[in-house]
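Pasted below: work-v2.cif, mmCIF, C-alpha atoms.
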data_protein
#
loop_
_atom_site.label_atom_id
_atom_site.label_comp_id
_atom_site.auth_asym_id
_atom_site.auth_seq_id
_atom_site.Cartn_x
_atom_site.Cartn_y
_atom_site.Cartn_z
CA MET A 1 8.36 -0.53 -14.58
CA ALA A 2 10.25 0.84 -11.56
CA GLN A 3 12.15 3.28 -13.76
CA ALA A 4 8.91 4.41 -15.40
CA ALA A 5 7.41 4.97 -11.94
CA ALA A 6 10.48 6.97 -10.86
CA ASP A 7 10.29 9.11 -14.00
CA VAL A 8 6.55 9.76 -13.65
CA ALA A 9 7.00 10.70 -9.98
CA ASP A 10 9.82 13.11 -10.86
CA ASP A 11 7.95 14.65 -13.79
CA SER A 12 4.62 15.05 -11.98
CA GLY A 13 5.68 15.71 -8.40
CA VAL A 14 3.18 13.03 -7.32
CA ARG A 15 4.24 10.46 -4.75
CA VAL A 16 4.55 7.08 -6.51
CA GLY A 17 5.89 3.95 -4.85
CA VAL A 18 6.66 0.44 -6.04
CA ALA A 19 6.43 -2.70 -3.88
CA PRO A 20 8.48 -5.48 -5.53
CA GLN A 21 9.21 -8.92 -4.18
CA ASP A 22 12.00 -8.93 -1.58
CA ALA A 23 14.65 -10.20 -4.00
CA ASP A 24 14.17 -7.10 -6.16
CA LEU A 25 14.04 -4.43 -3.42
CA GLU A 26 17.61 -3.21 -3.87
CA ALA A 27 17.44 -3.08 -7.67
CA VAL A 28 14.13 -1.20 -7.56
CA ALA A 29 15.42 1.23 -4.93
CA GLU A 30 18.44 1.99 -7.15
CA THR A 31 16.08 3.49 -9.77
CA GLY A 32 15.28 6.27 -7.29
CA VAL A 33 11.59 5.38 -7.02
CA GLU A 34 10.03 5.24 -3.57
CA THR A 35 10.35 1.56 -2.69
CA TRP A 36 8.11 -0.47 -0.41
CA ALA A 37 8.42 -4.03 0.87
CA GLN A 38 5.39 -6.23 0.34
CA HIS A 39 5.55 -7.47 3.95
CA VAL A 40 7.61 -7.60 7.12
CA ASP A 41 7.17 -10.10 9.92
CA PRO A 42 6.68 -9.35 13.62
CA ILE A 43 10.20 -10.55 14.47
CA ASP A 44 13.50 -9.23 15.75
CA TYR A 45 17.04 -10.43 14.98
CA GLY A 46 17.47 -14.12 15.73
CA SER A 47 16.40 -17.55 14.56
CA ASN A 48 13.61 -16.76 12.10
CA THR A 49 14.24 -18.80 8.96
CA GLY A 50 11.67 -18.05 6.29
CA HIS A 51 10.60 -14.72 7.78
CA THR A 52 11.24 -11.17 6.64
CA LEU A 53 13.08 -8.88 9.06
CA ALA A 54 12.14 -5.20 8.83
CA GLU A 55 15.75 -4.05 9.16
CA THR A 56 16.73 -6.21 6.18
CA VAL A 57 14.25 -4.57 3.84
CA ALA A 58 15.27 -1.14 5.14
CA GLU A 59 18.92 -1.95 4.41
CA ALA A 60 17.91 -3.05 0.90
CA GLY A 61 16.50 0.43 0.28
CA ALA A 62 12.83 0.14 1.25
CA ASP A 63 11.14 3.30 2.48
CA GLY A 64 8.09 1.50 3.84
CA THR A 65 6.16 -1.74 3.90
CA LEU A 66 2.70 -3.06 3.24
CA ILE A 67 1.28 -5.20 6.04
CA ASN A 68 -1.67 -7.62 5.92
CA HIS A 69 -2.20 -7.52 2.16
CA SER A 70 -5.20 -9.57 1.06
CA GLU A 71 -2.81 -12.19 -0.31
CA ASN A 72 -0.95 -12.45 3.02
CA ARG A 73 -3.48 -12.05 5.85
CA LEU A 74 -2.29 -11.84 9.46
CA LYS A 75 -3.88 -12.04 12.88
CA LEU A 76 -4.36 -8.69 14.64
CA ALA A 77 -1.55 -9.40 17.12
CA ASP A 78 0.84 -10.14 14.24
CA ILE A 79 -0.23 -6.97 12.41
CA ASP A 80 0.58 -5.04 15.57
CA GLY A 81 3.98 -6.74 15.83
CA SER A 82 4.73 -6.04 12.17
CA VAL A 83 3.82 -2.35 12.57
CA GLN A 84 6.13 -2.15 15.59
CA ALA A 85 8.94 -3.95 13.73
CA ALA A 86 8.60 -1.58 10.78
CA GLU A 87 8.67 1.47 13.03
CA ARG A 88 11.78 0.08 14.78
CA ALA A 89 13.46 -0.12 11.36
CA GLY A 90 12.34 3.38 10.31
CA LEU A 91 9.86 2.15 7.69
CA GLU A 92 6.52 3.76 6.89
CA THR A 93 3.54 1.44 7.10
CA ILE A 94 0.35 0.83 5.16
CA VAL A 95 -1.90 -1.80 6.73
CA CYS A 96 -4.44 -3.36 4.40
CA ALA A 97 -7.90 -4.52 5.42
CA ASN A 98 -10.97 -6.00 3.73
CA ASN A 99 -13.68 -3.72 5.07
CA PRO A 100 -14.39 -0.62 7.18
CA GLU A 101 -14.70 -2.61 10.43
CA GLN A 102 -11.21 -4.00 9.95
CA ILE A 103 -9.96 -0.54 8.96
CA GLY A 104 -11.06 0.77 12.36
CA ALA A 105 -9.28 -2.08 14.15
CA VAL A 106 -5.98 -1.74 12.30
CA THR A 107 -6.02 2.07 12.53
CA ALA A 108 -5.86 1.63 16.31
CA LEU A 109 -2.45 -0.03 15.86
CA GLY A 110 -0.89 3.26 14.75
CA PRO A 111 0.22 2.72 11.16
CA ASP A 112 0.99 5.66 8.87
CA ALA A 113 -1.84 4.65 6.54
CA VAL A 114 -4.49 2.02 6.04
CA ALA A 115 -5.90 0.69 2.78
CA VAL A 116 -9.31 -0.84 2.21
CA GLU A 117 -9.19 -3.55 -0.46
CA PRO A 118 -12.21 -5.83 -0.90
CA PRO A 119 -10.64 -9.14 -2.01
CA GLU A 120 -13.34 -9.88 -4.57
CA LEU A 121 -12.36 -6.76 -6.55
CA ILE A 122 -8.57 -7.20 -6.47
CA GLY A 123 -7.15 -7.72 -9.95
CA GLY A 124 -10.49 -6.97 -11.57
CA ASP A 125 -11.61 -4.40 -14.09
CA VAL A 126 -13.96 -2.47 -11.80
CA SER A 127 -12.60 -0.04 -9.24
CA VAL A 128 -13.73 -0.30 -5.63
CA ALA A 129 -14.58 3.42 -5.88
CA THR A 130 -17.10 2.56 -8.61
CA ALA A 131 -18.29 -0.89 -7.54
CA ASP A 132 -18.82 -0.05 -3.86
CA PRO A 133 -18.21 3.64 -3.06
CA ASP A 134 -19.74 3.22 0.41
CA ILE A 135 -16.93 0.91 1.43
CA VAL A 136 -14.45 3.72 0.76
CA THR A 137 -16.42 6.44 2.55
CA ASP A 138 -17.16 4.09 5.46
CA ALA A 139 -13.45 3.16 5.70
CA VAL A 140 -12.47 6.84 5.76
CA GLU A 141 -15.00 7.44 8.53
CA ALA A 142 -13.91 4.35 10.49
CA ALA A 143 -10.27 5.44 10.42
CA ALA A 144 -11.10 9.04 11.33
CA ASN A 145 -13.12 7.84 14.32
CA VAL A 146 -9.96 6.20 15.67
CA ASP A 147 -7.14 8.50 14.49
CA GLU A 148 -7.60 11.38 12.06
CA ASP A 149 -3.87 11.44 11.32
CA VAL A 150 -3.88 8.02 9.63
CA ASP A 151 -4.25 8.31 5.85
CA VAL A 152 -6.77 6.08 4.10
CA PHE A 153 -6.03 4.55 0.71
CA CYS A 154 -8.25 2.35 -1.38
CA GLY A 155 -7.30 -0.45 -3.69
CA ALA A 156 -8.82 -3.16 -5.86
CA GLY A 157 -9.58 -2.56 -9.51
CA ILE A 158 -7.87 0.84 -9.68
CA SER A 159 -6.56 1.28 -13.22
CA SER A 160 -7.10 4.84 -14.44
CA GLY A 161 -6.93 8.50 -13.55
CA ASP A 162 -10.72 8.50 -13.31
CA ASP A 163 -10.47 5.81 -10.61
CA VAL A 164 -7.94 7.92 -8.70
CA ASP A 165 -10.19 10.95 -9.02
CA ALA A 166 -13.21 8.98 -7.78
CA ALA A 167 -11.24 7.65 -4.81
CA GLY A 168 -10.24 11.19 -3.86
CA ASP A 169 -13.84 12.37 -4.13
CA LEU A 170 -14.77 9.64 -1.63
CA GLY A 171 -12.16 10.86 0.86
CA ALA A 172 -9.24 8.53 0.12
CA SER A 173 -5.76 10.04 0.40
CA GLY A 174 -4.27 7.67 -2.16
CA VAL A 175 -4.61 4.36 -3.95
CA LEU A 176 -2.92 0.97 -4.10
CA LEU A 177 -2.81 -0.92 -7.34
CA ALA A 178 -0.88 -3.63 -9.09
CA SER A 179 -2.42 -5.30 -12.11
CA GLY A 180 -3.48 -2.02 -13.74
CA VAL A 181 0.20 -1.14 -14.20
CA ALA A 182 1.92 -4.53 -14.04
CA LYS A 183 -0.18 -5.99 -16.86
CA ALA A 184 -0.12 -2.87 -19.05
CA ASP A 185 1.63 -2.88 -22.42
CA ASP A 186 2.90 0.63 -21.62
CA PRO A 187 3.26 1.02 -17.82
CA ARG A 188 4.52 4.59 -18.13
CA ALA A 189 1.42 5.70 -20.06
CA VAL A 190 -0.84 4.09 -17.45
CA LEU A 191 1.11 5.76 -14.63
CA GLU A 192 0.87 9.13 -16.36
CA ASP A 193 -2.90 8.69 -16.66
CA LEU A 194 -3.13 7.68 -13.00
CA VAL A 195 -1.33 10.78 -11.72
CA ASP A 196 -2.96 13.20 -14.17
CA PRO A 197 -5.84 14.18 -11.81
CA LEU A 198 -3.29 14.98 -9.11
CA VAL A 199 -1.12 17.46 -11.02
#
Conversion result in C-alpha cells:
Amino acid sequence: MAQAAADVADDSGVRVGVAPQDADLEAVAETGVETWAQHVDPIDYGSNTGHTLAETVAEAGADGTLINHSENRLKLADIDGSVQAAERAGLETIVCANNPEQIGAVTALGPDAVAVEPPELIGGDVSVATADPDIVTDAVEAAANVDEDVDVFCGAGISSGDDVDAAGDLGASGVLLASGVAKADDPRAVLEDLVDPLV
C-alpha cells in the first residue's frame, strides 16, 4: 500500500502521505512516500517507557505526525505538549478534533493543520462531507477565526474522488482516510480515484 501511495503521488503530483504503526515507519519511509507517525507523546528524552518520542519517529523517516486522533484522544495540555515535541523534532503536525468547537481550540495551539473527524462516521461508508457538510464548513470557519494559516482537513468516511471533491468545495484543504484504502482490494486504484479531482 505504501508503494502504491508513493507511485500515485509521483504520477499525479498530489501530496499523499501514509501513517503506519510505529514499527513500520522506517520501512514505509523507504518507499519514498511521505510518511507520518500516528502519534507522538508530549515528552522529551528520559524515562518514558511506553511513550513515543518525536525524535525517534523523525529518525525513522517520518515527515510529520497525527495528534489526538479519535482513537487516541488527549487532553488539551497534552495536545499542546505533543505539538511542541513534534516541532522540536522538525515534524509537521495535524491535530484531529471531533467538532468545530474543538477545531478552534486546537488551532490555537499552532499546528500545521487540523482535521475534523466526527467519530460516529469514522470507518463508515458515508463521507462527513456528505453526511454533515456543515461540520466541515463550520470547522473551516472556526480555524480561520483563530489562524488563517492553519490548513483544515476533513476525515471520516472518505473513500472516493467525489468525496475529496466535496470536501474541497466545503473549504477543506485536504482529507484524512484509512479504511477506504486499507480495506480496498486494489489500493492503487482507490488512490488514483481519490487524487483524480486534484490533477
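Protein and nucleic acid residues near (9.5, 0.8, -7.4) are Met1, Ala2, Gln3, Ala4, Ala5, Ala6, Val16, Gly17, Val18, Ala19, Pro20, Leu25, Ala27, Val28, Ala29, Thr31, Gly32, Val33, Glu34, Thr35 and Trp36 of chain A, the criterion being any atom at most 9 Å away using only C-alpha atoms.
The spacing separating CA of Ser70 in chain A from CA of Pro119 in chain A amounts to 6.3 Å.
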Kindly indicate which residue among A:Ile94, A:Val146, A:His39, A:Ala139 lies nearest to Leu176 in chain A, using only C-alpha atoms for the distances. A:Ile94
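Taking CA of Asp196 in chain A and CA of Asp11 in chain A as the two end points, the separation is 11.0 Å.
Using only C-alpha atoms, the nearest neighbour of Glu192 in chain A within the list A:Leu121, A:Cys154, A:Thr52, A:Val164 is A:Val164.
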The residues within 10 Å of (-16.6, 0.1, 4.5), using all atoms listed in the file and the coordinates of the file, should be reported as a CSV table (one decimal) with C-alpha atoms, keeping the file's coordinate frame; which are they?
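Output (part21.csv):
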chain,number,residue,atom,x,y,z
A,97,ALA,CA,-7.9,-4.5,5.4
A,98,ASN,CA,-11.0,-6.0,3.7
A,99,ASN,CA,-13.7,-3.7,5.1
A,100,PRO,CA,-14.4,-0.6,7.2
A,101,GLU,CA,-14.7,-2.6,10.4
A,102,GLN,CA,-11.2,-4.0,10.0
A,103,ILE,CA,-10.0,-0.5,9.0
A,104,GLY,CA,-11.1,0.8,12.4
A,116,VAL,CA,-9.3,-0.8,2.2
A,117,GLU,CA,-9.2,-3.6,-0.5
A,118,PRO,CA,-12.2,-5.8,-0.9
A,132,ASP,CA,-18.8,0.0,-3.9
A,133,PRO,CA,-18.2,3.6,-3.1
A,134,ASP,CA,-19.7,3.2,0.4
A,135,ILE,CA,-16.9,0.9,1.4
A,136,VAL,CA,-14.4,3.7,0.8
A,137,THR,CA,-16.4,6.4,2.6
A,138,ASP,CA,-17.2,4.1,5.5
A,139,ALA,CA,-13.4,3.2,5.7
A,140,VAL,CA,-12.5,6.8,5.8
A,141,GLU,CA,-15.0,7.4,8.5
A,142,ALA,CA,-13.9,4.4,10.5
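The smallest atom-to-atom distance between Asn72 in chain A and any of A:Thr93, A:Gln38, A:Asp24, A:Val57, using only C-alpha atoms, is found for A:Gln38.
In this structure, CA of Thr65 in chain A sits 14.3 Å away from CA of Asp78 in chain A.
Comparing A:Asp169, A:Glu87, A:Glu71, A:Asp7 by their smallest distance to Ala189 in chain A, the closest is A:Asp7 (using only C-alpha atoms).
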Write out as a PDB file with C-alpha atoms, in the frame of the given file the residues lying within 10 Å of Asp80 in chain A, counting only C-alpha atoms and excluding same-chain residues fewer than 6 positions away.
ATOM      1  CA  PRO A  42       6.680  -9.350  13.620  1.00  0.00           C
ATOM      2  CA  ILE A  67       1.280  -5.200   6.040  1.00  0.00           C
ATOM      3  CA  LEU A  74      -2.290 -11.840   9.460  1.00  0.00           C
ATOM      4  CA  ALA A  86       8.600  -1.580  10.780  1.00  0.00           C
ATOM      5  CA  VAL A  95      -1.900  -1.800   6.730  1.00  0.00           C
ATOM      6  CA  VAL A 106      -5.980  -1.740  12.300  1.00  0.00           C
ATOM      7  CA  ALA A 108      -5.860   1.630  16.310  1.00  0.00           C
ATOM      8  CA  LEU A 109      -2.450  -0.030  15.860  1.00  0.00           C
ATOM      9  CA  GLY A 110      -0.890   3.260  14.750  1.00  0.00           C
ATOM     10  CA  PRO A 111       0.220   2.720  11.160  1.00  0.00           C
TER      11      PRO A 111
END
Judged by only C-alpha atoms, the minimum distance to Gly174 in chain A among A:Ala156, A:Ala9, A:Val128, A:Ala115 is found for A:Ala115
Nearest residue to Ala144 in chain A out of A:Ile158, A:Ala113, A:Ala85, A:Val126, using only C-alpha atoms? A:Ala113
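When the PyMOL selection byres ((chain A and resi 53) around 7) is run on the displayed coordinates, the residues it returns are Val40, Asp41, Ile43, Asp44, His51, Thr52, Ala54, Glu55, Thr56 and Val57 of chain A.
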Model the absent atoms of range 72-100 of chain A so that N, CA and C atoms are present, and write the result as a tab-separated table (two decimals), keeping the file's coordinate frame.
chain	number	residue	atom	x	y	z
A	72	ASN	N	-1.80	-12.01	1.91
A	72	ASN	CA	-0.95	-12.45	3.02
A	72	ASN	C	-1.56	-11.96	4.34
A	73	ARG	N	-2.73	-12.49	4.68
A	73	ARG	CA	-3.48	-12.05	5.85
A	73	ARG	C	-2.79	-12.48	7.14
A	74	LEU	N	-2.88	-11.59	8.14
A	74	LEU	CA	-2.29	-11.84	9.46
A	74	LEU	C	-3.35	-11.71	10.54
A	75	LYS	N	-3.06	-12.27	11.70
A	75	LYS	CA	-3.88	-12.04	12.88
A	75	LYS	C	-3.57	-10.64	13.41
A	76	LEU	N	-4.52	-10.05	14.14
A	76	LEU	CA	-4.36	-8.69	14.64
A	76	LEU	C	-3.09	-8.52	15.46
A	77	ALA	N	-2.77	-9.49	16.30
A	77	ALA	CA	-1.55	-9.40	17.12
A	77	ALA	C	-0.30	-9.37	16.24
A	78	ASP	N	-0.31	-10.12	15.14
A	78	ASP	CA	0.84	-10.14	14.24
A	78	ASP	C	0.92	-8.84	13.43
A	79	ILE	N	-0.24	-8.28	13.07
A	79	ILE	CA	-0.23	-6.97	12.41
A	79	ILE	C	0.41	-5.95	13.32
A	80	ASP	N	0.01	-5.96	14.59
A	80	ASP	CA	0.58	-5.04	15.57
A	80	ASP	C	2.09	-5.23	15.67
A	81	GLY	N	2.54	-6.47	15.76
A	81	GLY	CA	3.98	-6.74	15.83
A	81	GLY	C	4.72	-6.30	14.58
A	82	SER	N	4.10	-6.47	13.42
A	82	SER	CA	4.73	-6.04	12.17
A	82	SER	C	4.83	-4.52	12.09
A	83	VAL	N	3.78	-3.82	12.54
A	83	VAL	CA	3.82	-2.35	12.57
A	83	VAL	C	4.95	-1.89	13.49
A	84	GLN	N	5.07	-2.52	14.65
A	84	GLN	CA	6.13	-2.15	15.59
A	84	GLN	C	7.52	-2.45	15.01
A	85	ALA	N	7.65	-3.59	14.35
A	85	ALA	CA	8.94	-3.95	13.73
A	85	ALA	C	9.31	-2.95	12.65
A	86	ALA	N	8.34	-2.56	11.84
A	86	ALA	CA	8.60	-1.58	10.78
A	86	ALA	C	9.00	-0.24	11.37
A	87	GLU	N	8.32	0.20	12.40
A	87	GLU	CA	8.67	1.47	13.03
A	87	GLU	C	10.07	1.41	13.62
A	88	ARG	N	10.44	0.27	14.22
A	88	ARG	CA	11.78	0.08	14.78
A	88	ARG	C	12.85	0.25	13.69
A	89	ALA	N	12.52	-0.17	12.47
A	89	ALA	CA	13.46	-0.12	11.36
A	89	ALA	C	13.37	1.20	10.57
A	90	GLY	N	12.48	2.10	11.00
A	90	GLY	CA	12.34	3.38	10.31
A	90	GLY	C	11.55	3.30	9.02
A	91	LEU	N	10.68	2.32	8.90
A	91	LEU	CA	9.86	2.15	7.69
A	91	LEU	C	8.47	2.73	7.90
A	92	GLU	N	7.92	3.37	6.87
A	92	GLU	CA	6.52	3.76	6.89
A	92	GLU	C	5.66	2.50	6.74
A	93	THR	N	4.41	2.61	7.15
A	93	THR	CA	3.54	1.44	7.10
A	93	THR	C	2.19	1.76	6.48
A	94	ILE	N	1.72	0.83	5.65
A	94	ILE	CA	0.35	0.83	5.16
A	94	ILE	C	-0.22	-0.54	5.51
A	95	VAL	N	-1.26	-0.54	6.34
A	95	VAL	CA	-1.90	-1.80	6.73
A	95	VAL	C	-3.18	-1.96	5.91
A	96	CYS	N	-3.27	-3.07	5.24
A	96	CYS	CA	-4.44	-3.36	4.40
A	96	CYS	C	-5.52	-4.06	5.21
A	97	ALA	N	-6.77	-3.87	4.78
A	97	ALA	CA	-7.90	-4.52	5.42
A	97	ALA	C	-9.02	-4.69	4.40
A	98	ASN	N	-9.91	-5.65	4.68
A	98	ASN	CA	-10.97	-6.00	3.73
A	98	ASN	C	-12.15	-5.05	3.75
A	99	ASN	N	-12.43	-4.45	4.92
A	99	ASN	CA	-13.68	-3.72	5.07
A	99	ASN	C	-13.52	-2.61	6.12
A	100	PRO	N	-14.50	-1.74	6.24
A	100	PRO	CA	-14.39	-0.62	7.18
A	100	PRO	C	-14.21	-1.05	8.64
